[in-house]
$ cat start34.cif   # mmCIF, N, CA and C atoms
data_model
loop_
_atom_site.label_atom_id
_atom_site.label_comp_id
_atom_site.auth_asym_id
_atom_site.auth_seq_id
_atom_site.Cartn_x
_atom_site.Cartn_y
_atom_site.Cartn_z
N MET A 296 88.41 16.15 176.28
CA MET A 296 88.15 17.56 176.11
C MET A 296 87.03 17.72 175.09
N LYS A 297 86.01 18.45 175.48
CA LYS A 297 84.89 18.70 174.60
C LYS A 297 85.23 19.85 173.65
N LEU A 298 85.11 19.61 172.34
CA LEU A 298 85.47 20.63 171.37
C LEU A 298 84.29 21.22 170.64
N GLN A 299 83.09 20.75 170.92
CA GLN A 299 81.94 21.32 170.26
C GLN A 299 81.16 22.18 171.25
N PRO A 300 80.57 23.27 170.76
CA PRO A 300 79.87 24.17 171.66
C PRO A 300 78.60 23.55 172.23
N ASP A 301 78.22 24.00 173.41
CA ASP A 301 76.96 23.58 173.99
C ASP A 301 75.82 24.14 173.15
N ARG A 302 74.77 23.35 173.03
CA ARG A 302 73.60 23.79 172.29
C ARG A 302 72.42 23.72 173.25
N ALA A 303 71.77 24.83 173.46
CA ALA A 303 70.62 24.85 174.35
C ALA A 303 69.54 23.92 173.79
N GLU A 304 68.92 23.18 174.66
CA GLU A 304 67.89 22.23 174.25
C GLU A 304 66.75 22.96 173.53
N GLY A 305 66.38 22.43 172.37
CA GLY A 305 65.25 22.98 171.63
C GLY A 305 65.56 24.14 170.72
N VAL A 306 66.81 24.62 170.70
CA VAL A 306 67.18 25.75 169.84
C VAL A 306 67.50 25.23 168.44
N ASN A 307 66.96 25.89 167.44
CA ASN A 307 67.21 25.50 166.05
C ASN A 307 68.58 26.00 165.60
N ILE A 308 69.37 25.08 165.06
CA ILE A 308 70.71 25.40 164.55
C ILE A 308 70.78 24.99 163.08
N ILE A 309 71.33 25.87 162.26
CA ILE A 309 71.53 25.57 160.85
C ILE A 309 72.86 24.83 160.72
N ASN A 310 72.79 23.59 160.22
CA ASN A 310 73.97 22.74 160.13
C ASN A 310 74.72 22.87 158.81
N ALA A 311 74.00 23.16 157.72
CA ALA A 311 74.64 23.22 156.40
C ALA A 311 73.81 24.08 155.47
N CYS A 312 74.50 24.65 154.50
CA CYS A 312 73.85 25.47 153.49
C CYS A 312 74.51 25.17 152.15
N THR A 313 73.73 24.70 151.20
CA THR A 313 74.20 24.47 149.83
C THR A 313 73.33 25.32 148.91
N PRO A 314 73.68 25.43 147.64
CA PRO A 314 72.81 26.20 146.72
C PRO A 314 71.39 25.64 146.62
N ASP A 315 71.21 24.35 146.94
CA ASP A 315 69.91 23.71 146.76
C ASP A 315 69.19 23.33 148.05
N SER A 316 69.84 23.52 149.20
CA SER A 316 69.17 23.11 150.45
C SER A 316 69.79 23.78 151.66
N ILE A 317 69.01 23.75 152.73
CA ILE A 317 69.45 24.22 154.04
C ILE A 317 69.18 23.07 155.00
N SER A 318 70.13 22.76 155.85
CA SER A 318 69.94 21.71 156.85
C SER A 318 69.81 22.36 158.22
N VAL A 319 68.68 22.09 158.88
CA VAL A 319 68.42 22.63 160.22
C VAL A 319 68.21 21.45 161.15
N ASN A 320 68.99 21.41 162.22
CA ASN A 320 68.91 20.32 163.19
C ASN A 320 69.04 18.96 162.51
N GLY A 321 69.86 18.90 161.47
CA GLY A 321 70.11 17.64 160.77
C GLY A 321 69.09 17.28 159.71
N GLU A 322 68.06 18.10 159.50
CA GLU A 322 67.04 17.81 158.49
C GLU A 322 67.20 18.79 157.33
N ALA A 323 67.24 18.25 156.10
CA ALA A 323 67.43 19.08 154.91
C ALA A 323 66.11 19.64 154.41
N TYR A 324 66.14 20.90 154.00
CA TYR A 324 64.99 21.58 153.41
C TYR A 324 65.40 22.08 152.04
N THR A 325 64.57 21.81 151.03
CA THR A 325 64.90 22.19 149.66
C THR A 325 64.03 23.33 149.14
N SER A 326 63.18 23.85 149.99
CA SER A 326 62.34 25.01 149.65
C SER A 326 62.60 26.11 150.67
N SER A 327 62.31 27.32 150.30
CA SER A 327 62.53 28.46 151.18
C SER A 327 61.81 28.25 152.51
N ILE A 328 62.47 28.68 153.59
CA ILE A 328 61.91 28.46 154.93
C ILE A 328 62.16 29.66 155.83
N LEU A 329 61.36 29.72 156.89
CA LEU A 329 61.58 30.62 158.00
C LEU A 329 62.08 29.76 159.15
N VAL A 330 63.20 30.16 159.74
CA VAL A 330 63.80 29.41 160.84
C VAL A 330 63.67 30.23 162.11
N PRO A 331 62.72 29.86 162.99
CA PRO A 331 62.60 30.56 164.27
C PRO A 331 63.66 30.04 165.24
N PRO A 332 63.87 30.72 166.35
CA PRO A 332 64.88 30.24 167.30
C PRO A 332 64.52 28.89 167.92
N THR A 333 63.23 28.62 168.09
CA THR A 333 62.76 27.33 168.61
C THR A 333 61.51 26.93 167.84
N GLY A 334 61.16 25.67 167.94
CA GLY A 334 59.94 25.19 167.30
C GLY A 334 60.17 24.73 165.88
N PRO A 335 59.09 24.35 165.21
CA PRO A 335 59.21 23.81 163.85
C PRO A 335 59.56 24.88 162.82
N MET A 336 60.16 24.44 161.72
CA MET A 336 60.44 25.32 160.60
C MET A 336 59.09 25.72 159.99
N ILE A 337 59.08 26.90 159.39
CA ILE A 337 57.86 27.41 158.77
C ILE A 337 58.09 27.47 157.27
N PRO A 338 57.32 26.71 156.48
CA PRO A 338 57.48 26.80 155.02
C PRO A 338 57.21 28.23 154.57
N TRP A 339 58.03 28.70 153.64
CA TRP A 339 57.90 30.06 153.13
C TRP A 339 57.74 29.96 151.63
N PRO A 340 56.51 30.07 151.12
CA PRO A 340 56.23 29.78 149.70
C PRO A 340 56.71 30.87 148.74
N VAL A 341 58.02 31.00 148.63
CA VAL A 341 58.61 31.97 147.71
C VAL A 341 59.91 31.37 147.17
N THR A 342 60.16 31.54 145.88
CA THR A 342 61.39 30.98 145.30
C THR A 342 62.33 32.05 144.77
N SER A 343 61.87 33.29 144.70
CA SER A 343 62.76 34.35 144.22
C SER A 343 62.38 35.68 144.84
N LEU A 344 63.32 36.59 144.82
CA LEU A 344 63.11 37.92 145.38
C LEU A 344 61.94 38.62 144.70
N SER A 345 61.79 38.43 143.39
CA SER A 345 60.73 39.12 142.65
C SER A 345 59.33 38.63 143.04
N GLU A 346 59.23 37.47 143.65
CA GLU A 346 57.93 36.93 144.07
C GLU A 346 57.47 37.47 145.42
N LEU A 347 58.35 38.09 146.19
CA LEU A 347 58.00 38.53 147.53
C LEU A 347 56.84 39.52 147.53
N THR A 348 55.91 39.30 148.48
CA THR A 348 54.78 40.20 148.67
C THR A 348 54.66 40.51 150.16
N GLU A 349 53.77 41.42 150.50
CA GLU A 349 53.53 41.73 151.90
C GLU A 349 53.07 40.50 152.67
N ALA A 350 52.34 39.61 152.02
CA ALA A 350 51.84 38.40 152.69
C ALA A 350 53.00 37.54 153.19
N HIS A 351 54.10 37.50 152.47
CA HIS A 351 55.26 36.72 152.92
C HIS A 351 55.82 37.28 154.22
N PHE A 352 55.77 38.59 154.37
CA PHE A 352 56.29 39.20 155.58
C PHE A 352 55.29 39.15 156.73
N GLU A 353 54.01 38.94 156.41
CA GLU A 353 53.00 38.73 157.46
C GLU A 353 53.33 37.48 158.27
N GLN A 354 53.83 36.45 157.62
CA GLN A 354 54.23 35.23 158.33
C GLN A 354 55.29 35.55 159.39
N ILE A 355 56.19 36.43 159.05
CA ILE A 355 57.26 36.81 159.98
C ILE A 355 56.67 37.61 161.15
N LEU A 356 55.77 38.54 160.84
CA LEU A 356 55.14 39.36 161.88
C LEU A 356 54.45 38.50 162.93
N GLN A 357 53.81 37.42 162.50
CA GLN A 357 53.09 36.55 163.43
C GLN A 357 54.03 35.92 164.45
N ALA A 358 55.27 35.69 164.09
CA ALA A 358 56.24 35.06 165.00
C ALA A 358 56.83 36.07 165.99
N ARG A 359 56.77 37.36 165.68
CA ARG A 359 57.26 38.44 166.56
C ARG A 359 58.73 38.30 166.97
N PRO A 360 59.64 38.07 166.02
CA PRO A 360 61.07 38.05 166.40
C PRO A 360 61.54 39.47 166.68
N GLU A 361 62.69 39.59 167.32
CA GLU A 361 63.26 40.92 167.51
C GLU A 361 64.07 41.34 166.28
N LEU A 362 64.53 40.34 165.52
CA LEU A 362 65.38 40.59 164.36
C LEU A 362 65.16 39.50 163.33
N VAL A 363 65.14 39.90 162.05
CA VAL A 363 65.04 38.96 160.93
C VAL A 363 66.34 39.05 160.14
N ILE A 364 66.94 37.89 159.90
CA ILE A 364 68.10 37.80 159.02
C ILE A 364 67.58 37.22 157.71
N PHE A 365 67.58 38.04 156.66
CA PHE A 365 67.04 37.64 155.37
C PHE A 365 68.15 37.14 154.47
N GLY A 366 68.05 35.89 154.05
CA GLY A 366 68.99 35.30 153.10
C GLY A 366 68.42 35.43 151.71
N SER A 367 69.01 36.30 150.89
CA SER A 367 68.44 36.65 149.59
C SER A 367 68.81 35.70 148.47
N GLY A 368 69.40 34.57 148.78
CA GLY A 368 69.79 33.63 147.75
C GLY A 368 71.31 33.61 147.60
N ARG A 369 71.76 33.25 146.42
CA ARG A 369 73.20 33.12 146.18
C ARG A 369 73.91 34.47 146.15
N GLN A 370 73.17 35.53 145.82
CA GLN A 370 73.75 36.86 145.75
C GLN A 370 73.01 37.79 146.70
N LEU A 371 73.71 38.82 147.15
CA LEU A 371 73.10 39.83 148.01
C LEU A 371 72.17 40.70 147.16
N ARG A 372 70.89 40.65 147.50
CA ARG A 372 69.88 41.49 146.84
C ARG A 372 68.89 41.93 147.91
N PHE A 373 68.35 43.11 147.75
CA PHE A 373 67.48 43.68 148.77
C PHE A 373 66.02 43.64 148.34
N PRO A 374 65.13 43.31 149.26
CA PRO A 374 63.70 43.36 148.93
C PRO A 374 63.24 44.81 148.81
N PRO A 375 62.14 45.04 148.11
CA PRO A 375 61.62 46.41 148.00
C PRO A 375 61.30 46.97 149.40
N PRO A 376 61.73 48.18 149.69
CA PRO A 376 61.50 48.76 151.02
C PRO A 376 60.03 48.79 151.44
N ALA A 377 59.12 48.96 150.50
CA ALA A 377 57.69 49.01 150.84
C ALA A 377 57.23 47.73 151.53
N LEU A 378 57.84 46.60 151.20
CA LEU A 378 57.45 45.33 151.80
C LEU A 378 57.88 45.24 153.27
N LEU A 379 58.86 46.05 153.65
CA LEU A 379 59.40 45.99 155.00
C LEU A 379 58.68 46.93 155.97
N ARG A 380 57.79 47.77 155.47
CA ARG A 380 57.10 48.74 156.34
C ARG A 380 56.41 48.09 157.53
N PRO A 381 55.68 46.97 157.34
CA PRO A 381 55.03 46.35 158.51
C PRO A 381 56.04 45.90 159.57
N LEU A 382 57.20 45.42 159.15
CA LEU A 382 58.22 45.03 160.11
C LEU A 382 58.76 46.25 160.85
N MET A 383 59.00 47.32 160.11
CA MET A 383 59.49 48.54 160.74
C MET A 383 58.47 49.09 161.73
N ALA A 384 57.20 49.06 161.35
CA ALA A 384 56.14 49.56 162.24
C ALA A 384 56.06 48.73 163.53
N ALA A 385 56.37 47.44 163.43
CA ALA A 385 56.36 46.55 164.60
C ALA A 385 57.70 46.59 165.34
N ARG A 386 58.63 47.42 164.88
CA ARG A 386 59.95 47.57 165.49
C ARG A 386 60.74 46.25 165.48
N ILE A 387 60.63 45.55 164.35
CA ILE A 387 61.39 44.31 164.14
C ILE A 387 62.55 44.66 163.21
N GLY A 388 63.77 44.39 163.66
CA GLY A 388 64.95 44.66 162.86
C GLY A 388 65.02 43.74 161.65
N PHE A 389 65.69 44.19 160.59
CA PHE A 389 65.77 43.42 159.35
C PHE A 389 67.14 43.63 158.73
N GLU A 390 67.87 42.55 158.52
CA GLU A 390 69.18 42.61 157.88
C GLU A 390 69.18 41.67 156.67
N THR A 391 69.74 42.13 155.57
CA THR A 391 69.80 41.34 154.34
C THR A 391 71.23 40.88 154.09
N MET A 392 71.36 39.60 153.72
CA MET A 392 72.66 39.00 153.38
C MET A 392 72.41 37.94 152.33
N ASP A 393 73.48 37.45 151.69
CA ASP A 393 73.27 36.26 150.87
C ASP A 393 72.94 35.11 151.82
N THR A 394 72.34 34.06 151.31
CA THR A 394 71.84 32.99 152.19
C THR A 394 72.94 32.32 153.02
N PRO A 395 74.11 32.00 152.47
CA PRO A 395 75.14 31.40 153.34
C PRO A 395 75.54 32.31 154.51
N ALA A 396 75.69 33.60 154.26
CA ALA A 396 76.04 34.54 155.34
C ALA A 396 74.90 34.64 156.35
N ALA A 397 73.67 34.62 155.87
CA ALA A 397 72.50 34.68 156.76
C ALA A 397 72.46 33.47 157.68
N CYS A 398 72.80 32.30 157.15
CA CYS A 398 72.83 31.08 157.97
C CYS A 398 73.87 31.19 159.09
N ARG A 399 75.05 31.65 158.74
CA ARG A 399 76.11 31.80 159.75
C ARG A 399 75.72 32.83 160.81
N THR A 400 75.18 33.95 160.37
CA THR A 400 74.81 35.02 161.31
C THR A 400 73.68 34.57 162.22
N TYR A 401 72.69 33.88 161.66
CA TYR A 401 71.60 33.35 162.48
C TYR A 401 72.15 32.47 163.60
N ASN A 402 73.06 31.56 163.26
CA ASN A 402 73.61 30.65 164.28
C ASN A 402 74.32 31.41 165.40
N ILE A 403 75.05 32.44 165.05
CA ILE A 403 75.74 33.23 166.07
C ILE A 403 74.72 33.91 166.99
N LEU A 404 73.72 34.54 166.39
CA LEU A 404 72.75 35.29 167.18
C LEU A 404 71.87 34.38 168.04
N VAL A 405 71.43 33.27 167.47
CA VAL A 405 70.59 32.35 168.25
C VAL A 405 71.42 31.73 169.38
N GLY A 406 72.71 31.54 169.14
CA GLY A 406 73.61 31.02 170.18
C GLY A 406 73.78 31.99 171.33
N GLU A 407 73.55 33.27 171.06
CA GLU A 407 73.62 34.31 172.10
C GLU A 407 72.28 34.47 172.83
N GLY A 408 71.28 33.66 172.41
CA GLY A 408 69.97 33.74 173.05
C GLY A 408 69.06 34.80 172.48
N ARG A 409 69.39 35.34 171.32
CA ARG A 409 68.56 36.38 170.70
C ARG A 409 67.32 35.77 170.08
N GLN A 410 66.25 36.54 170.03
CA GLN A 410 65.00 36.13 169.39
C GLN A 410 65.08 36.51 167.92
N VAL A 411 65.83 35.72 167.18
CA VAL A 411 66.11 36.00 165.78
C VAL A 411 65.40 34.96 164.91
N MET A 412 65.00 35.39 163.72
CA MET A 412 64.41 34.48 162.75
C MET A 412 65.19 34.61 161.46
N ALA A 413 65.49 33.48 160.83
CA ALA A 413 66.12 33.49 159.51
C ALA A 413 65.03 33.29 158.47
N ALA A 414 64.99 34.16 157.48
CA ALA A 414 64.08 34.04 156.33
C ALA A 414 64.97 33.72 155.13
N LEU A 415 64.96 32.47 154.70
CA LEU A 415 65.97 31.99 153.75
C LEU A 415 65.36 31.61 152.39
N LEU A 416 65.82 32.30 151.35
CA LEU A 416 65.41 31.95 149.99
C LEU A 416 66.29 30.83 149.47
N ILE A 417 65.67 29.82 148.93
CA ILE A 417 66.39 28.72 148.29
C ILE A 417 65.92 28.67 146.85
N HIS A 418 66.82 28.38 145.91
CA HIS A 418 66.55 28.37 144.47
C HIS A 418 66.26 29.77 143.96
N SER A 419 67.03 30.72 144.40
CA SER A 419 66.77 32.10 144.00
C SER A 419 67.79 32.57 142.99
#

$ encode --input "start34.cif" --output "structure tokens"
Amino acid sequence: MKLQPDRAEGVNIINACTPDSISVNGEAYTSSILVPPTGPMIPWPVTSLSELTEAHFEQILQARPELVIFGSGRQLRFPPPALLRPLMAARIGFETMDTPAACRTYNILVGEGRQVMAALLIHS
């Protein structure tokens, strides 16, 4: 009897989340990353919420997801609304959670075939 769920070929799955790293498809990342539903991880050069700029969200716009799950670090914190205007203008949904919750939610949504991207802060 098979007890593990089927994983669509090429879909990125988050395997583990610790305070210092995120494991995607068995590979550990120790810096903040963008996790698209397929393809390579995208380095996200930000270590804290206070460092976020519009340029960080431009990287997300280029990928054109339907929804972004933002992992704000160990605690739930919200980015300044002004930074989200380009996403809203592009009709890209945005949800904020602490990073462990964002990892779990991303896996559920990507498992449903959604075009979701996780934007995960590490060391925040």

$ closest_residue --input "start34.cif" --among "A:Leu382, A:Val306, A:Leu416, A:Ala311" --to "Glu353 in chain A" --atoms "only N, CA and C atoms"
A:Leu382

$ select_by_dssp --input "start34.cif" --residues "chain A" --states "helix (DSSP H, G or I)" --output "compact mmCIF listing (two decimals) with N, CA and C atoms, keeping the file's coordinate frame"
# COMPACT_ATOMS: atom_id res chain seq x y z
N LEU A 344 63.32 36.59 144.82
CA LEU A 344 63.11 37.92 145.38
C LEU A 344 61.94 38.62 144.70
N SER A 345 61.79 38.43 143.39
CA SER A 345 60.73 39.12 142.65
C SER A 345 59.33 38.63 143.04
N GLU A 346 59.23 37.47 143.65
CA GLU A 346 57.93 36.93 144.07
C GLU A 346 57.47 37.47 145.42
N GLU A 349 53.77 41.42 150.50
CA GLU A 349 53.53 41.73 151.90
C GLU A 349 53.07 40.50 152.67
N ALA A 350 52.34 39.61 152.02
CA ALA A 350 51.84 38.40 152.69
C ALA A 350 53.00 37.54 153.19
N HIS A 351 54.10 37.50 152.47
CA HIS A 351 55.26 36.72 152.92
C HIS A 351 55.82 37.28 154.22
N PHE A 352 55.77 38.59 154.37
CA PHE A 352 56.29 39.20 155.58
C PHE A 352 55.29 39.15 156.73
N GLU A 353 54.01 38.94 156.41
CA GLU A 353 53.00 38.73 157.46
C GLU A 353 53.33 37.48 158.27
N GLN A 354 53.83 36.45 157.62
CA GLN A 354 54.23 35.23 158.33
C GLN A 354 55.29 35.55 159.39
N ILE A 355 56.19 36.43 159.05
CA ILE A 355 57.26 36.81 159.98
C ILE A 355 56.67 37.61 161.15
N LEU A 356 55.77 38.54 160.84
CA LEU A 356 55.14 39.36 161.88
C LEU A 356 54.45 38.50 162.93
N GLN A 357 53.81 37.42 162.50
CA GLN A 357 53.09 36.55 163.43
C GLN A 357 54.03 35.92 164.45
N ALA A 358 55.27 35.69 164.09
CA ALA A 358 56.24 35.06 165.00
C ALA A 358 56.83 36.07 165.99
N PRO A 376 61.73 48.18 149.69
CA PRO A 376 61.50 48.76 151.02
C PRO A 376 60.03 48.79 151.44
N ALA A 377 59.12 48.96 150.50
CA ALA A 377 57.69 49.01 150.84
C ALA A 377 57.23 47.73 151.53
N LEU A 378 57.84 46.60 151.20
CA LEU A 378 57.45 45.33 151.80
C LEU A 378 57.88 45.24 153.27
N LEU A 379 58.86 46.05 153.65
CA LEU A 379 59.40 45.99 155.00
C LEU A 379 58.68 46.93 155.97
N ARG A 380 57.79 47.77 155.47
CA ARG A 380 57.10 48.74 156.34
C ARG A 380 56.41 48.09 157.53
N PRO A 381 55.68 46.97 157.34
CA PRO A 381 55.03 46.35 158.51
C PRO A 381 56.04 45.90 159.57
N LEU A 382 57.20 45.42 159.15
CA LEU A 382 58.22 45.03 160.11
C LEU A 382 58.76 46.25 160.85
N MET A 383 59.00 47.32 160.11
CA MET A 383 59.49 48.54 160.74
C MET A 383 58.47 49.09 161.73
N ALA A 384 57.20 49.06 161.35
CA ALA A 384 56.14 49.56 162.24
C ALA A 384 56.06 48.73 163.53
N THR A 394 72.34 34.06 151.31
CA THR A 394 71.84 32.99 152.19
C THR A 394 72.94 32.32 153.02
N PRO A 395 74.11 32.00 152.47
CA PRO A 395 75.14 31.40 153.34
C PRO A 395 75.54 32.31 154.51
N ALA A 396 75.69 33.60 154.26
CA ALA A 396 76.04 34.54 155.34
C ALA A 396 74.90 34.64 156.35
N ALA A 397 73.67 34.62 155.87
CA ALA A 397 72.50 34.68 156.76
C ALA A 397 72.46 33.47 157.68
N CYS A 398 72.80 32.30 157.15
CA CYS A 398 72.83 31.08 157.97
C CYS A 398 73.87 31.19 159.09
N ARG A 399 75.05 31.65 158.74
CA ARG A 399 76.11 31.80 159.75
C ARG A 399 75.72 32.83 160.81
N THR A 400 75.18 33.95 160.37
CA THR A 400 74.81 35.02 161.31
C THR A 400 73.68 34.57 162.22
N TYR A 401 72.69 33.88 161.66
CA TYR A 401 71.60 33.35 162.48
C TYR A 401 72.15 32.47 163.60
N ASN A 402 73.06 31.56 163.26
CA ASN A 402 73.61 30.65 164.28
C ASN A 402 74.32 31.41 165.40
N ILE A 403 75.05 32.44 165.05
CA ILE A 403 75.74 33.23 166.07
C ILE A 403 74.72 33.91 166.99
N LEU A 404 73.72 34.54 166.39
CA LEU A 404 72.75 35.29 167.18
C LEU A 404 71.87 34.38 168.04
N VAL A 405 71.43 33.27 167.47
CA VAL A 405 70.59 32.35 168.25
C VAL A 405 71.42 31.73 169.38
N GLY A 406 72.71 31.54 169.14
CA GLY A 406 73.61 31.02 170.18
C GLY A 406 73.78 31.99 171.33

$ closest_atom_pairs --input "start34.cif" --of "range 370-411 of chain A" --to "range 317-320 of chain A" --cutoff "12 Å" --atoms "only C-alpha atoms" --output "tab-separated table"
residue	atom	partner	partner_atom	distance
A:Thr394	CA	A:Ile317	CA	9.3
A:Pro395	CA	A:Ile317	CA	9.2
A:Ala397	CA	A:Ile317	CA	11.2
A:Cys398	CA	A:Ile317	CA	8.6
A:Arg399	CA	A:Ile317	CA	11.6
A:Tyr401	CA	A:Val319	CA	11.4
A:Asn402	CA	A:Val319	CA	10.4

$ resolve_selection --input "start34.cif" --expression "the PyMOL selection byres (((chain A and resi 335 and name CA) around 12) and name CA)" --output "MDAnalysis selection string"
chainID A and resid 305:308 319:320 322 328:334 336:338 358 412

$ write_last_selection --input "start34.cif" --atoms "N, CA and C atoms" --output "PDB file, in the coordinates of the input"
ATOM      1  N   GLY A 305      66.380  22.430 172.370  1.00  0.00           N
ATOM      2  CA  GLY A 305      65.250  22.980 171.630  1.00  0.00           C
ATOM      3  C   GLY A 305      65.560  24.140 170.720  1.00  0.00           C
ATOM      4  N   VAL A 306      66.810  24.620 170.700  1.00  0.00           N
ATOM      5  CA  VAL A 306      67.180  25.750 169.840  1.00  0.00           C
ATOM      6  C   VAL A 306      67.500  25.230 168.440  1.00  0.00           C
ATOM      7  N   ASN A 307      66.960  25.890 167.440  1.00  0.00           N
ATOM      8  CA  ASN A 307      67.210  25.500 166.050  1.00  0.00           C
ATOM      9  C   ASN A 307      68.580  26.000 165.600  1.00  0.00           C
ATOM     10  N   ILE A 308      69.370  25.080 165.060  1.00  0.00           N
ATOM     11  CA  ILE A 308      70.710  25.400 164.550  1.00  0.00           C
ATOM     12  C   ILE A 308      70.780  24.990 163.080  1.00  0.00           C
ATOM     13  N   VAL A 319      68.680  22.090 158.880  1.00  0.00           N
ATOM     14  CA  VAL A 319      68.420  22.630 160.220  1.00  0.00           C
ATOM     15  C   VAL A 319      68.210  21.450 161.150  1.00  0.00           C
ATOM     16  N   ASN A 320      68.990  21.410 162.220  1.00  0.00           N
ATOM     17  CA  ASN A 320      68.910  20.320 163.190  1.00  0.00           C
ATOM     18  C   ASN A 320      69.040  18.960 162.510  1.00  0.00           C
ATOM     19  N   GLU A 322      68.060  18.100 159.500  1.00  0.00           N
ATOM     20  CA  GLU A 322      67.040  17.810 158.490  1.00  0.00           C
ATOM     21  C   GLU A 322      67.200  18.790 157.330  1.00  0.00           C
ATOM     22  N   ILE A 328      62.470  28.680 153.590  1.00  0.00           N
ATOM     23  CA  ILE A 328      61.910  28.460 154.930  1.00  0.00           C
ATOM     24  C   ILE A 328      62.160  29.660 155.830  1.00  0.00           C
ATOM     25  N   LEU A 329      61.360  29.720 156.890  1.00  0.00           N
ATOM     26  CA  LEU A 329      61.580  30.620 158.000  1.00  0.00           C
ATOM     27  C   LEU A 329      62.080  29.760 159.150  1.00  0.00           C
ATOM     28  N   VAL A 330      63.200  30.160 159.740  1.00  0.00           N
ATOM     29  CA  VAL A 330      63.800  29.410 160.840  1.00  0.00           C
ATOM     30  C   VAL A 330      63.670  30.230 162.110  1.00  0.00           C
ATOM     31  N   PRO A 331      62.720  29.860 162.990  1.00  0.00           N
ATOM     32  CA  PRO A 331      62.600  30.560 164.270  1.00  0.00           C
ATOM     33  C   PRO A 331      63.660  30.040 165.240  1.00  0.00           C
ATOM     34  N   PRO A 332      63.870  30.720 166.350  1.00  0.00           N
ATOM     35  CA  PRO A 332      64.880  30.240 167.300  1.00  0.00           C
ATOM     36  C   PRO A 332      64.520  28.890 167.920  1.00  0.00           C
ATOM     37  N   THR A 333      63.230  28.620 168.090  1.00  0.00           N
ATOM     38  CA  THR A 333      62.760  27.330 168.610  1.00  0.00           C
ATOM     39  C   THR A 333      61.510  26.930 167.840  1.00  0.00           C
ATOM     40  N   GLY A 334      61.160  25.670 167.940  1.00  0.00           N
ATOM     41  CA  GLY A 334      59.940  25.190 167.300  1.00  0.00           C
ATOM     42  C   GLY A 334      60.170  24.730 165.880  1.00  0.00           C
ATOM     43  N   MET A 336      60.160  24.440 161.720  1.00  0.00           N
ATOM     44  CA  MET A 336      60.440  25.320 160.600  1.00  0.00           C
ATOM     45  C   MET A 336      59.090  25.720 159.990  1.00  0.00           C
ATOM     46  N   ILE A 337      59.080  26.900 159.390  1.00  0.00           N
ATOM     47  CA  ILE A 337      57.860  27.410 158.770  1.00  0.00           C
ATOM     48  C   ILE A 337      58.090  27.470 157.270  1.00  0.00           C
ATOM     49  N   PRO A 338      57.320  26.710 156.480  1.00  0.00           N
ATOM     50  CA  PRO A 338      57.480  26.800 155.020  1.00  0.00           C
ATOM     51  C   PRO A 338      57.210  28.230 154.570  1.00  0.00           C
ATOM     52  N   ALA A 358      55.270  35.690 164.090  1.00  0.00           N
ATOM     53  CA  ALA A 358      56.240  35.060 165.000  1.00  0.00           C
ATOM     54  C   ALA A 358      56.830  36.070 165.990  1.00  0.00           C
ATOM     55  N   MET A 412      65.000  35.390 163.720  1.00  0.00           N
ATOM     56  CA  MET A 412      64.410  34.480 162.750  1.00  0.00           C
ATOM     57  C   MET A 412      65.190  34.610 161.460  1.00  0.00           C
TER      58      MET A 412
END

$ closest_residue --input "start34.cif" --among "A:Ala414, A:Asp315, A:Gln370, A:Gly388" --to "Phe352 in chain A" --atoms "only C-alpha atoms"
A:Ala414

$ resolve_selection --input "start34.cif" --expression "the PyMOL selection byres (((chain A and resi 374 and name CA) around 10) and name CA)" --output "number ranges by chain"
A: 344-348, 365, 367, 372-373, 375-379, 391

$ atom_distance --input "start34.cif" --atom1 "atom N of Pro340 in chain A" --atom2 "atom N of Ala323 in chain A"
16.7 Å

$ select_by_dssp --input "start34.cif" --residues "chain A" --states "strand (DSSP E or B)" --output "ChimeraX atom specification"
/A:306,309-313,316-319,322-324,328-330,333,337-338,362-366,388-392,411-415

$ residues_around --input "start34.cif" --residues "range 409-411 of chain A" --least-positions-apart "6" --cutoff "6 Å" --atoms "only C-alpha atoms" --output "PyMOL selection string"
chain A and resi 360-363

$ build_atoms --input "start34.cif" --residues "range 375-381 of chain A" --atoms "N, CA, C and O atoms" --output "PDB file, keeping the file's coordinate frame"
ATOM      1  N   PRO A 375      62.140  45.040 148.110  1.00  0.00           N
ATOM      2  CA  PRO A 375      61.620  46.410 148.000  1.00  0.00           C
ATOM      3  C   PRO A 375      61.300  46.970 149.400  1.00  0.00           C
ATOM      4  O   PRO A 375      60.658  46.291 150.207  1.00  0.00           O
ATOM      5  N   PRO A 376      61.730  48.180 149.690  1.00  0.00           N
ATOM      6  CA  PRO A 376      61.500  48.760 151.020  1.00  0.00           C
ATOM      7  C   PRO A 376      60.030  48.790 151.440  1.00  0.00           C
ATOM      8  O   PRO A 376      59.719  48.651 152.617  1.00  0.00           O
ATOM      9  N   ALA A 377      59.120  48.960 150.500  1.00  0.00           N
ATOM     10  CA  ALA A 377      57.690  49.010 150.840  1.00  0.00           C
ATOM     11  C   ALA A 377      57.230  47.730 151.530  1.00  0.00           C
ATOM     12  O   ALA A 377      56.345  47.758 152.388  1.00  0.00           O
ATOM     13  N   LEU A 378      57.840  46.600 151.200  1.00  0.00           N
ATOM     14  CA  LEU A 378      57.450  45.330 151.800  1.00  0.00           C
ATOM     15  C   LEU A 378      57.880  45.240 153.270  1.00  0.00           C
ATOM     16  O   LEU A 378      57.330  44.455 154.030  1.00  0.00           O
ATOM     17  N   LEU A 379      58.860  46.050 153.650  1.00  0.00           N
ATOM     18  CA  LEU A 379      59.400  45.990 155.000  1.00  0.00           C
ATOM     19  C   LEU A 379      58.680  46.930 155.970  1.00  0.00           C
ATOM     20  O   LEU A 379      58.924  46.880 157.180  1.00  0.00           O
ATOM     21  N   ARG A 380      57.790  47.770 155.470  1.00  0.00           N
ATOM     22  CA  ARG A 380      57.100  48.740 156.340  1.00  0.00           C
ATOM     23  C   ARG A 380      56.410  48.090 157.530  1.00  0.00           C
ATOM     24  O   ARG A 380      56.508  48.594 158.647  1.00  0.00           O
ATOM     25  N   PRO A 381      55.680  46.970 157.340  1.00  0.00           N
ATOM     26  CA  PRO A 381      55.030  46.350 158.510  1.00  0.00           C
ATOM     27  C   PRO A 381      56.040  45.900 159.570  1.00  0.00           C
ATOM     28  O   PRO A 381      55.772  46.015 160.769  1.00  0.00           O
TER      29      PRO A 381
END
